[in-house]
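Q: Submitted below is the structure of interest, expressed as structure tokens.
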Amino acid sequence: MTPRSRLHVPSPPARPGQEPDFSYLALSAPGAAHRPEVTVAAADTENLSKELVRVLGDDHVAVGPWNPHLEPPELQVGLRHMLLTRLFDDRMQRIQRQGRISFYIKSTGEEAVAVAAGMALQPGDMLFPSYRQQGLQVVRGRNLVDLMCQCLSNTHDMCKGRQMPIMYHWGSGNIFSISGNLATQYPQAVGWAMAAAIKGEDHIAASWIGEGSSAEADFHHAMTFAAVYQAPVILNLVNNQWAISTFQGVAGGERRTFAQRGPGYGIPGIRVDGNDFLAVYAVTEWAAQRARQGVGPTLIEHVTYRAAAHSTSDDPSRYRPKEEWKAWPLGDPIARLKGHLIALGEWSEERHARLEKELEVQVNASWKEAESYGTLSGGPALDPLTMFEDVFKDMPQHLVQQREEMRALLEAGTIDVSPVPLAQKA
Amino acid sequence: MTPRSRLHVPSPPARPGQEPDFSYLALSAPGAAHRPEVTVAAADTENLSKELVRVLGDDHVAVGPWNPHLEPPELQVGLRHMLLTRLFDDRMQRIQRQGRISFYIKSTGEEAVAVAAGMALQPGDMLFPSYRQQGLQVVRGRNLVDLMCQCLSNTHDMCKGRQMPIMYHWGSGNIFSISGNLATQYPQAVGWAMAAAIKGEDHIAASWIGEGSSAEADFHHAMTFAAVYQAPVILNLVNNQWAISTFQGVAGGERRTFAQRGPGYGIPGIRVDGNDFLAVYAVTEWAAQRARQGVGPTLIEHVTYRAAAHSTSDDPSRYRPKEEWKAWPLGDPIARLKGHLIALGEWSEERHARLEKELEVQVNASWKEAESYGTLSGGPALDPLTMFEDVFKDMPQHLVQQREEMRALLEAGTIDVSPVPLAQKA
Amino acid sequence: MARMNMVQALNSAMDVMLARDPRVVILGEDVGYFGGVFRATEGLQRKHGEHRVFDTPISEGGIIAAAIGMGVNGLKPVAEIQFADYIYPGFDQVVSELARLRYRTAGEFTAPVTIRTPCGGGIRGGQTHSQSPEAIFTHVSGIKVVMPSNPYDAKGLLISAIEGEDPVVFFEPKRIYNGPFDGDPHKPAVPWSTHPQGEVPEGHFTVPLSKAAIVRPGTVATILTYGTMVHVSEAAVRLAGIDAEIIDVRTMAPLDIDTVCTSVCRTGRCVVVHEATLFGGYGAELVARVQEHCFWNLEAPIQRVGGWDTPYPHAFEWEYFPGPARVAAALTKVMEAS
Amino acid sequence: MARMNMVQALNSAMDVMLARDPRVVILGEDVGYFGGVFRATEGLQRKHGEHRVFDTPISEGGIIAAAIGMGVNGLKPVAEIQFADYIYPGFDQVVSELARLRYRTAGEFTAPVTIRTPCGGGIRGGQTHSQSPEAIFTHVSGIKVVMPSNPYDAKGLLISAIEGEDPVVFFEPKRIYNGPFDGDPHKPAVPWSTHPQGEVPEGHFTVPLSKAAIVRPGTVATILTYGTMVHVSEAAVRLAGIDAEIIDVRTMAPLDIDTVCTSVCRTGRCVVVHEATLFGGYGAELVARVQEHCFWNLEAPIQRVGGWDTPYPHAFEWEYFPGPARVAAALTKVMEAS
Ligand SMILES: Cc1ncc(C[n+]2csc(CCOP(=O)(O)OP(=O)(O)O)c2C)c(N)n1
Ligand SMILES: Cc1ncc(C[n+]2csc(CCOP(=O)(O)OP(=O)(O)O)c2C)c(N)n1
Ligand SMILES: [Mg+2]
Ligand SMILES: [Mg+2]
């Protein structure tokens with residue numbers, strides 16, 4: 001039946017055992033992409049979605065119209081945030097491997113996407129991330145202990161034990177709750193921005209999804225509503241080449257860039273080197289100005305690479321060459337910013353090593369403190385009866401009853417609430 | 001609260017009492033749009049989505065590279081189909097007004113969209129229409145009696161009384177079932193085309209939705225799947241400027257054409273004068289060749305105008321100028337094709353009047369026959385017990401029981417099955 | 001007191017809330033300039049401005065998602081879904097997001113969104129304009145589900161829904177928009193102006209959620225129902241000549257189980273009536289709770305009457321609709337059993 | 001006979017059907033080259049080709065819609081939805097299209113699509129990897145809803161689903177993919193290889209849909225359940241020391257009411273158990289039918305045990321999970337009542 005088939009089934013350039021091959025990526029030279037005024041009409045931004053905005057070259061020099069001309073102290077802060085994000089990720093992954101948290105997702109290799117964008121936005125801007133922008137929490141000064149406590153579902157967990165690890169939220173930090181359901185936050189961010197516009201407030205919203213998730217309906221809802229109401233929102237699409245085991249072609253990236261979806265809706269689409277801190281900063285600043293001035297929304301495609309496994313439940317060696325990251329033409333965002341600072345004479349290997357140590361200490365101390373608030377296998381524990389709260393504002397009768405039923409079972413010792421070792425996750 | 005609001009709420013150029021204004025439409029001159037080879041790469045078709053493919057000028061002459069060079073007999077057939085569609089619509093609307101069917105939807109002014117496309121496709125191609133392409137049924141030679149019986153929910157209704165009027169289907173004619181839920185047929189058509197590709201068969205699929213419906217998730221699903229698998233499908237988007245009371249800007253048409261969505265997905269998007277029989281024929285033929293040769297899908301935006309009310313439940317004078325259709329710059333598809341044929345010397349006012357009369361007779365005779373198979377208010381009636389059939393292939397126990405319960409009620413005369421006059425539809 | 005039909009009462013509820021609370025906004029397909037295909041938002045845009053009342057793209061998923069985001073940003077959105085049959089494209093946002101936001105953030109983020117949607121059959125709408133999908137929402141923890149049966153309740157309940165802090169799916173039985181309907185389509189239509197519950201205050205008032213109403217006191221059996229079926233049940237009681245108590249549940253979730261069980265425990269017999277398909281319908285939950293709480297008082301098996309387990313067929317609307325004859329038969333059956 | 005865990009049994013069912021019937025195709029997120037996040041489609045693409053087994057974009061709505069179109073064009077698609085929690089974006093296509101196509105076209109068009117999806121908790125998946133949304137589908141006329149409790153049934157039921165002409169939503173309780181689970185997470189995991197129902201024929205065989213199984217005969221009470229809860233109920237029977245009959249419903253819709261009611265009418269006592277939240281859950285339908293059919297035989301109110309009416313909380317997985325203690329308590333309660 002299959003021989004005459006003409007169904008095109010996309011397949012990645014390389015599978016395990018084959019040579020990595022990124023020749024499919026269209027790369028512009030650093031500094032080459034043009035930079036229109038923020039008031040540009042959407043219809044006149046088509047080129048932006050085909051080029052690749054790059055500022056930092058291999059020579060560590062920042063060039064071109066998108067150079068945000070940040071001062072060295074700011075760059076150093078960016079480096080620190082990215083490094084802290086990476087060290088935090090590494091540590092949490094090890095902790096998961098030790099069976100002390102049930103699950104973790106790293107953002108390794110994509111730190112600039114969150115950190116640079118976060119720095120280019122204002123604290124009052126509302127962020128609607130996916131699960132791979134922990135860098136936003138770091139930028140906004142979140143205490144790592146809070147993040148760790150969430151992953152531990154312990155007594156200090158802001159989610160009160162109700163969410164899987166990494167599904168953080170931060171009301172006072174203006175970071176929305178991360179959902180396990182892909183893409184749902186995207187149109188919500190647009191709704192938030194519409195409300196800001198209705199109220200005449202100046203804050204804007206920003207959201208992030210993966211290129212894989214852009215196939216979900218909510219991508220379309222977000223783009224349509226953002227375009228129709230000219231909502232003050234930045235829609236970031238993180239094209240890290242992979243969605244679990246499927247490469248970006250399965251999401252529709254074979255014939256066009258994801259940024260090009262933007263112009264299709266009448267929204268400027270910008271394609272940016274997601275591993276270039278300066279470039280991400282610059283395009284975010286551009287889009288934020290645009291939104292804040294009421295000119296409208298922007299779609300930003302961040303071209304990056306998911307260096308780590310999808311999550312701790314995943315083994316990427318089953319579906320892609322082990323050395324793929326090494327072949328990634330846009331490098332490592334941390335190494336690149338570091339190289340830039342060194343080239344500027346504002347950083348050194350020694351300072352870097354010192355910073356790394358300092359941050360390691362911070363991560364370690366945070367973990368110690370977090371553990372003291374309880375772990376899945378011991379220490380102080382959340383009261384299970386809290387699980388009946390917050391379903392509604394006021395607890396309705398049937399939940400009061402269920403809580404009392406549960407209370408009786410607990411008091412009678414009928415339910416064994418001793419810690420359960422983590423089951424092998426499928 | 002509202003004074004500082006910067007929410008953009010789209011509003012149409014004219015409301016009741018104001019002058020119609022179609023200056024927002026970008027019109028190309030007839031013959032001006034270029035015509036690439038069907039093997040063109042999607043990336044190279046961007047201009048097609050901004051121009052407007054037109055063949056027939058105001059001077060009734062067919063010009064330019066898109067002229068399909070149809071023979072006069074074929075044009076006459078097209079005219080006949082469009083005219084029959086219009087007369088059928090008019091008649092059914094009158095019938096609804098008389099309270100003899102519960103609901104109707106006309107396609108007035110948009111007949112070319114369905115008729116020309118239908119003629120450019122092959123009988124084995126599978127059609128997934130929305131509710132406004134009755135012209136497809138006419139093109140494929142559907143007996144009008146069948147359509148009328150469906151609208152009557154009578155003993156010859158192919159839906160066995162289960163669907164509202166106009167929700168036709170035609171298995172042997174390769175026309176899919178019309179759904180009351182907008183846009184659902186769009187990704188289904190893509191799935192059908194994927195199956196054809198998997199099986200290595202040559203038939204292609206074509207689907208139609210309104211511009212308003214393109215905001216639904218299923219538009220995105222269809223576009224994504226069509227692009228990813230390069231499915232042999234034609235996705236028609238009928239931009240008739242209105243979606244019930246909202247103008248095309250509310251669906252996202254203010255800043256870009258709907259055809260431009262195509263290139264965003266890596267699918268060629270063609271914008272065509274939907275009231276130009278020759279142009280619609282030509283672009284459909286182009287897209288069909290493309291699909292049949294395995295080059296991939298095409299999005300076609302048909303620029304037309306919904307001349308009638310949305311449906312018999314609607315009163316457009318509440319939300320748009322009464323004379324808007326008269327101001328529509330692309331005219332009436334029937335008048336235009338008629339004018340072209342006359343200009344070619346292949347038609348005349350007399351022949352037209354004769355044809356009109358002949359078709360009126362056909363419609364009248366069809367209605368007579370259809371009525372003889374039962375109406376909502378009398379004549380032969382479907383057996384209500386059939387309503388339990390076809391929920392599953394084999395009737396499960398609980399439905400057998402419900403049917404028996406119903407049978408008992410009917411036999412006891414407990415349920416009054418005498419015809420109910422149509423309630424005022426909201 | 002003014003006389004209003006249900007559409008006018010709903011319109012008045014929104015009008016009152018738009019005026020009282022600057023956070024209230026109305027959005028949905030055709031709700032702006034046009035005033036809604038059922039006219040529920042007529043005049044509201046003109047009066048309150050296009051930033052408070054506006055049309056949306058045809059995208060139920062987008063409408064609900066945007067409403068959630070607006071709710072998170074301090075507004076109180078009232079979203080209209082044109083027909084309950086079209087709520088499914090927005091189902092994920094309701095179940096996965098709206099219902100759980102307060103829970104998953106331990107109360108830090110909430111989205112007080114009210115979703116209004118016309119439901120039910122009886123207007124020749126066929127399978128895609130007639131559904132009653134309330135059961136699909138009552139199973140979702142974190143959503144309140146409401147259905148009024150008259151103009152007074154419609155206004156009072158809708159104001160309660162909008163004023164509350166929880167998400168609400170507010171079903172409007174469109175067959176009784178213009179007047180009560182007792183299930184006999186052959187009778188001339190009755191307008192609300194002739195009905196006591198068509199008297200509705202012009203201003204602000206509330207009818208509490210999660211509080212059932214005894215619409216007809218009775219002694220020998222209890223009918224549990226809501227929406228259009230309240231009126232059908234009244235007709236059935238007359239038809240059967242049985243002195244049954246009729247309880248209008250009004251809020252399906254969270255349920256006022258006390259009012260329900262107090263009645264059934266007293267009467268000892270129970271019929272559950274809804275228009276939705278029977279299998280897995282909301283009536284099953286009522287039966288399950290009643291048999292548990294009132295088991296020792298029950299004199300007969302609880303009977304359920306609902307739509308047949310098929311899609312709503314256009315031609316057989318009245319054969320499908322669970323009219324007074326079927327309800328009366330069930331009532332007779334529970335009375336006979338012993 | 002081979003020994004298979006549930007994942008292998010499902011894989012084998014698909015393998016057998018791909019080989020037997022050229023119309024069968026498998027699609028879903030990560031199901032192709034990778035073989036699925038739970039490995040259910042492992043090796044199938046390599047063996048049967050990428051036109052028979054392929055990855056899709058991450059779009060549950062698109063997957064189901066495309067499957068419908070493929071079904072209309074003569075294929076028999078088996079679509080995987082990676083977690084039942086992610087089926088909602090495809091809900092509209094299931095309810096409005098898949099379920100009704102045969103009906104609305106009077107049989108002229110059909111789409112014999114099988115949707116496989118892992119459900120249930122117990123793997124520390126939190127609220128978005130643990131749901132059991134079967135009730136939301138059992139209320140939809142035109143869809144068959146199945147959930148196996150062991151490898152043998154999993155393979156036999158899946159083959160029946162694929163071979164049938166009706167759409168099926170096939171829920172796979174992922175907690176028992178690797179071995180039966182009696183509800184006590186402190187005990188070491190037991191693999192299917194030690195269980196008689198882990199013996200599964202390599203080739204083609206079927207287990208009929210809409211046929212419940214008596215998995216433990218008993219005399220004094222009946223437990224109605226399915227999926228993981230079958231094993232939990234067995235543990236509860238041991239714990240309570242009560243000779244209850246356990247019925248594995250297997251197909252929730254259309255239900256095998258005869259097997260269910262015959263048992264309850266005989267034992268006179270009934271407990272309904274599922275993992276899904278209680279309110280409006282499928283258990284309510286079982287209770288409603290049983291009380292109607294077996295009223296005169298019932299010695300005590302039917303008890304329901306289900307998940308608490310909250311989202312599935314990550315930290316309190318085992319407090320939330322309706323384990324043997326709660327089922328045993330309900331069993332004791334029905335035995336004591338009189
Ligand atoms: C609605 C929904 N469908 C499927 C999943 C399972 N899932 C979780 S992450 C993921 C891949 C997402 O890939 P991408 O969007 O590219 O983000 P990345 O992981 O690369 O950051 C999938 C399929 C989910 N969480 N939600
Ligand atoms: C999912 C869904 N939402 C809403 C509706 C109600 N509705 C029916 S037709 C229509 C307008 C559609 O406009 P458009 O797509 O432009 O098609 P046109 O009527 O202009 O041909 C609406 C909102 C529906 N049928 N289905
Ligand atoms: Mg990705
Ligand atoms: Mg339209």
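In the structure tokens, the first chain shown is A, the next is B, and so on; residue numbers restart at 1 for each chain, and ligands run from 1 in the order shown.
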Please find the residues of chain D near chain C - the criterion being any atom within 8 Å, counting only C-alpha atoms - and write them as number ranges by chain.

A: D: 88-92, 95-96, 100, 103, 128, 135-136, 138-139, 141-142, 277-282, 284-285, 287-288, 291-293, 295, 300-303, 309-311

Q: To check your reading of the model: which residues sit at most 9 Å from ligand 2 when counting only C-alpha atoms and all ligand atoms? Write the answer as a ChimeraX atom specification.

A: /B:105,107,130-133,179-184,209-216,237-248,251,305-306,309-311 /C:29-30,57-60,81-83,85-89,128-129 /D:92

Q: Those selected residues, please, written with C-alpha atoms and delivered as a PDB file, in the first residue's frame.

A:
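Output saved as selection-v3.pdb:
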ATOM      1  CA  ILE B 105     -29.001  30.169   4.154  1.00  0.00           C
ATOM      2  CA  SER B 107     -25.258  32.138  -1.161  1.00  0.00           C
ATOM      3  CA  SER B 130     -19.270  25.127   4.703  1.00  0.00           C
ATOM      4  CA  TYR B 131     -22.965  25.984   4.571  1.00  0.00           C
ATOM      5  CA  ARG B 132     -22.651  28.565   1.798  1.00  0.00           C
ATOM      6  CA  GLN B 133     -21.412  26.446  -1.128  1.00  0.00           C
ATOM      7  CA  SER B 179     -21.438  20.743  10.010  1.00  0.00           C
ATOM      8  CA  GLY B 180     -23.169  23.311  12.153  1.00  0.00           C
ATOM      9  CA  ASN B 181     -19.893  23.815  13.963  1.00  0.00           C
ATOM     10  CA  LEU B 182     -17.776  26.266  12.068  1.00  0.00           C
ATOM     11  CA  ALA B 183     -14.436  25.276  10.549  1.00  0.00           C
ATOM     12  CA  THR B 184     -14.387  21.666  11.737  1.00  0.00           C
ATOM     13  CA  ILE B 209     -14.642  28.284   5.258  1.00  0.00           C
ATOM     14  CA  GLY B 210     -15.713  31.859   5.834  1.00  0.00           C
ATOM     15  CA  GLU B 211     -13.277  34.590   6.775  1.00  0.00           C
ATOM     16  CA  GLY B 212     -14.988  34.864  10.137  1.00  0.00           C
ATOM     17  CA  SER B 213     -14.509  31.174  10.805  1.00  0.00           C
ATOM     18  CA  SER B 214     -10.806  31.415  10.084  1.00  0.00           C
ATOM     19  CA  ALA B 215     -10.388  32.624  13.678  1.00  0.00           C
ATOM     20  CA  GLU B 216     -11.333  29.146  14.897  1.00  0.00           C
ATOM     21  CA  LEU B 237     -11.276  30.950   2.517  1.00  0.00           C
ATOM     22  CA  VAL B 238     -14.369  32.821   1.440  1.00  0.00           C
ATOM     23  CA  ASN B 239     -13.961  36.425   2.480  1.00  0.00           C
ATOM     24  CA  ASN B 240     -17.452  37.749   1.933  1.00  0.00           C
ATOM     25  CA  GLN B 241     -16.689  40.721   4.196  1.00  0.00           C
ATOM     26  CA  TRP B 242     -19.225  39.744   6.868  1.00  0.00           C
ATOM     27  CA  ALA B 243     -19.619  37.121   9.573  1.00  0.00           C
ATOM     28  CA  ILE B 244     -23.156  37.633  10.800  1.00  0.00           C
ATOM     29  CA  SER B 245     -22.843  41.201  12.154  1.00  0.00           C
ATOM     30  CA  THR B 246     -19.073  41.536  12.266  1.00  0.00           C
ATOM     31  CA  PHE B 247     -17.039  42.784   9.323  1.00  0.00           C
ATOM     32  CA  GLN B 248     -13.865  41.107   8.149  1.00  0.00           C
ATOM     33  CA  ALA B 251     -11.564  38.315  12.022  1.00  0.00           C
ATOM     34  CA  TYR B 305     -19.579  39.887  -0.732  1.00  0.00           C
ATOM     35  CA  ARG B 306     -22.385  38.265   1.232  1.00  0.00           C
ATOM     36  CA  ALA B 309     -28.711  38.159   5.122  1.00  0.00           C
ATOM     37  CA  HIS B 310     -26.511  35.760   7.073  1.00  0.00           C
ATOM     38  CA  SER B 311     -29.460  33.375   7.268  1.00  0.00           C
TER      39      SER B 311
ATOM     40  CA  GLU C  29     -19.373  36.990  18.950  1.00  0.00           C
ATOM     41  CA  ASP C  30     -21.794  39.677  17.702  1.00  0.00           C
ATOM     42  CA  PRO C  57     -13.334  36.980  16.453  1.00  0.00           C
ATOM     43  CA  ILE C  58     -15.232  33.705  16.011  1.00  0.00           C
ATOM     44  CA  SER C  59     -13.046  31.725  18.341  1.00  0.00           C
ATOM     45  CA  GLU C  60     -14.564  30.330  21.490  1.00  0.00           C
ATOM     46  CA  ILE C  81     -20.664  31.811  23.806  1.00  0.00           C
ATOM     47  CA  GLN C  82     -23.287  32.121  21.100  1.00  0.00           C
ATOM     48  CA  PHE C  83     -24.692  28.629  21.604  1.00  0.00           C
ATOM     49  CA  ASP C  85     -23.126  23.720  21.328  1.00  0.00           C
ATOM     50  CA  TYR C  86     -20.133  25.897  20.426  1.00  0.00           C
ATOM     51  CA  ILE C  87     -18.451  25.953  23.801  1.00  0.00           C
ATOM     52  CA  TYR C  88     -16.321  22.882  23.083  1.00  0.00           C
ATOM     53  CA  PRO C  89     -13.547  24.687  21.187  1.00  0.00           C
ATOM     54  CA  THR C 128     -25.929  21.936  16.825  1.00  0.00           C
ATOM     55  CA  HIS C 129     -28.246  24.529  18.362  1.00  0.00           C
TER      56      HIS C 129
ATOM     57  CA  ASP D  92     -14.787  19.668  19.950  1.00  0.00           C
TER      58      ASP D  92
END

Q: One number please: atom CA of C:Met14 to atom CA of C:Phe205, in Å, one decimal.

A: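 Taking atom CA of C:Met14 and atom CA of C:Phe205, their separation equals 12.0 Å.
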
Q: Could you name the residues that touch B:Glu346 at 12 Å or less, counting only C-alpha atoms, but leaving out those on the same chain fewer than 4 positions away, as a short mmCIF file (atom, residue, chain, number, x, y, z; two decimals) with N, CA and C atoms, in the first residue's frame?

A:
data_model
loop_
_atom_site.label_atom_id
_atom_site.label_comp_id
_atom_site.auth_asym_id
_atom_site.auth_seq_id
_atom_site.Cartn_x
_atom_site.Cartn_y
_atom_site.Cartn_z
N GLU B 71 -13.90 27.13 -23.15
CA GLU B 71 -14.73 27.19 -24.34
C GLU B 71 -16.11 27.74 -23.96
N PRO B 72 -16.77 28.43 -24.87
CA PRO B 72 -18.10 28.98 -24.56
C PRO B 72 -19.07 27.96 -23.96
N PRO B 73 -19.15 26.72 -24.46
CA PRO B 73 -20.11 25.80 -23.84
C PRO B 73 -19.84 25.63 -22.34
N GLU B 74 -18.58 25.61 -21.99
CA GLU B 74 -18.25 25.45 -20.58
C GLU B 74 -18.70 26.68 -19.78
N LEU B 75 -18.49 27.84 -20.39
CA LEU B 75 -18.92 29.06 -19.71
C LEU B 75 -20.43 29.08 -19.55
N GLN B 76 -21.11 28.59 -20.56
CA GLN B 76 -22.58 28.56 -20.48
C GLN B 76 -23.05 27.62 -19.38
N VAL B 77 -22.33 26.51 -19.25
CA VAL B 77 -22.67 25.59 -18.16
C VAL B 77 -22.46 26.29 -16.82
N LEU B 79 -22.60 29.44 -16.17
CA LEU B 79 -23.66 30.43 -15.98
C LEU B 79 -24.95 29.74 -15.51
N LEU B 337 -20.43 37.11 -15.72
CA LEU B 337 -20.20 36.03 -16.68
C LEU B 337 -21.16 36.16 -17.86
N LYS B 338 -22.37 36.55 -17.55
CA LYS B 338 -23.36 36.79 -18.60
C LYS B 338 -22.83 37.86 -19.57
N GLY B 339 -22.35 38.95 -19.00
CA GLY B 339 -21.82 40.04 -19.84
C GLY B 339 -20.66 39.54 -20.72
N HIS B 340 -19.82 38.71 -20.16
CA HIS B 340 -18.69 38.18 -20.91
C HIS B 340 -19.17 37.31 -22.07
N LEU B 341 -20.13 36.45 -21.79
CA LEU B 341 -20.65 35.59 -22.85
C LEU B 341 -21.33 36.40 -23.95
N ILE B 342 -22.06 37.41 -23.54
CA ILE B 342 -22.70 38.26 -24.54
C ILE B 342 -21.64 38.97 -25.39
N GLU B 350 -32.09 37.37 -24.43
CA GLU B 350 -33.22 36.46 -24.66
C GLU B 350 -32.89 35.05 -24.16
N ARG B 351 -31.70 34.60 -24.56
CA ARG B 351 -31.33 33.25 -24.11
C ARG B 351 -31.30 33.21 -22.59
N HIS B 352 -30.83 34.31 -22.01
CA HIS B 352 -30.75 34.36 -20.56
C HIS B 352 -32.15 34.26 -19.94
#

Q: Work out how far apart atom CA of B:Glu360 and atom CA of B:Ser153 are and give it in Å to one decimal.

A: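 Computing the Euclidean distance for atom CA of B:Glu360 and atom CA of B:Ser153 yields 22.7 Å.
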
Q: To test your reading of the structure, identify every residue in stretch 302-381 of chain A that backbone DSSP assigns to helix (DSSP H, G or I), and report it as a PyMOL selection string.

A: chain A and resi 316-318+324-327+333-343+349-372

Q: What are the residues of chain D that have an atom within 9 Å of an atom of chain B, counting only C-alpha atoms, as a PyMOL selection string?

A: chain D and resi 23+51-52+56-57+59+61-75+92-93+96-97+99-109+141-144+164-167+210+254-257

Q: Could you list, as a PyMOL selection string, every residue of chain A that has an atom within 6 Å of an atom of chain B, counting only C-alpha atoms?

A: chain A and resi 4-9+197-200+217+228-230+252+255-256+260-261+264+266

Q: Need to verify the contact set: stretch 319-332 of chain A, 10 Å, only C-alpha atoms, exclusion of same-chain residues closer than 4 positions in sequence. Can you return it as a ChimeraX atom specification?

A: /A:12-23,25,27,54,57-58,108-112,242,244-247,273-276,303-308,315,336-338 /D:33-35

Q: Nearest residue to A:Ala381 out of A:Leu344, A:Val283, A:Leu299, A:Leu152, using only C-alpha atoms?

A: A:Leu152

Q: Using Å and a single decimal, report how far atom CA of D:Arg3 sits from atom CA of D:His195.

A: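 Computed distance, atom CA of D:His195 to atom CA of D:Arg3, equals 9.0 Å.
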
Q: Can you list, as a VMD selection string, every protein, DNA or RNA residue that comes within 6 Å of D:Ile223 when you count only C-alpha atoms, leaving out same-chain residues fewer than 3 positions away?

A: chain D and resid 246 270 to 272

Q: Of the candidates B:Lys368, B:Phe277, B:Leu56, B:Trp208, which shows the shortest atom-to-atom distance to ligand 4, using only C-alpha atoms and all ligand atoms?

A: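 Using only C-alpha atoms and all ligand atoms, the shortest distance to ligand 4 belongs to B:Trp208.
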
Q: Write out as a PyMOL selection string which residues come within 12 Å of D:Phe170 when counting only C-alpha atoms, dropping same-chain ones fewer than 3 positions away.

A: chain D and resi 10+78-81+83-84+87+113-119+132-134+137-138+143-149+153-155+157-162+167+173+209+227+250-253
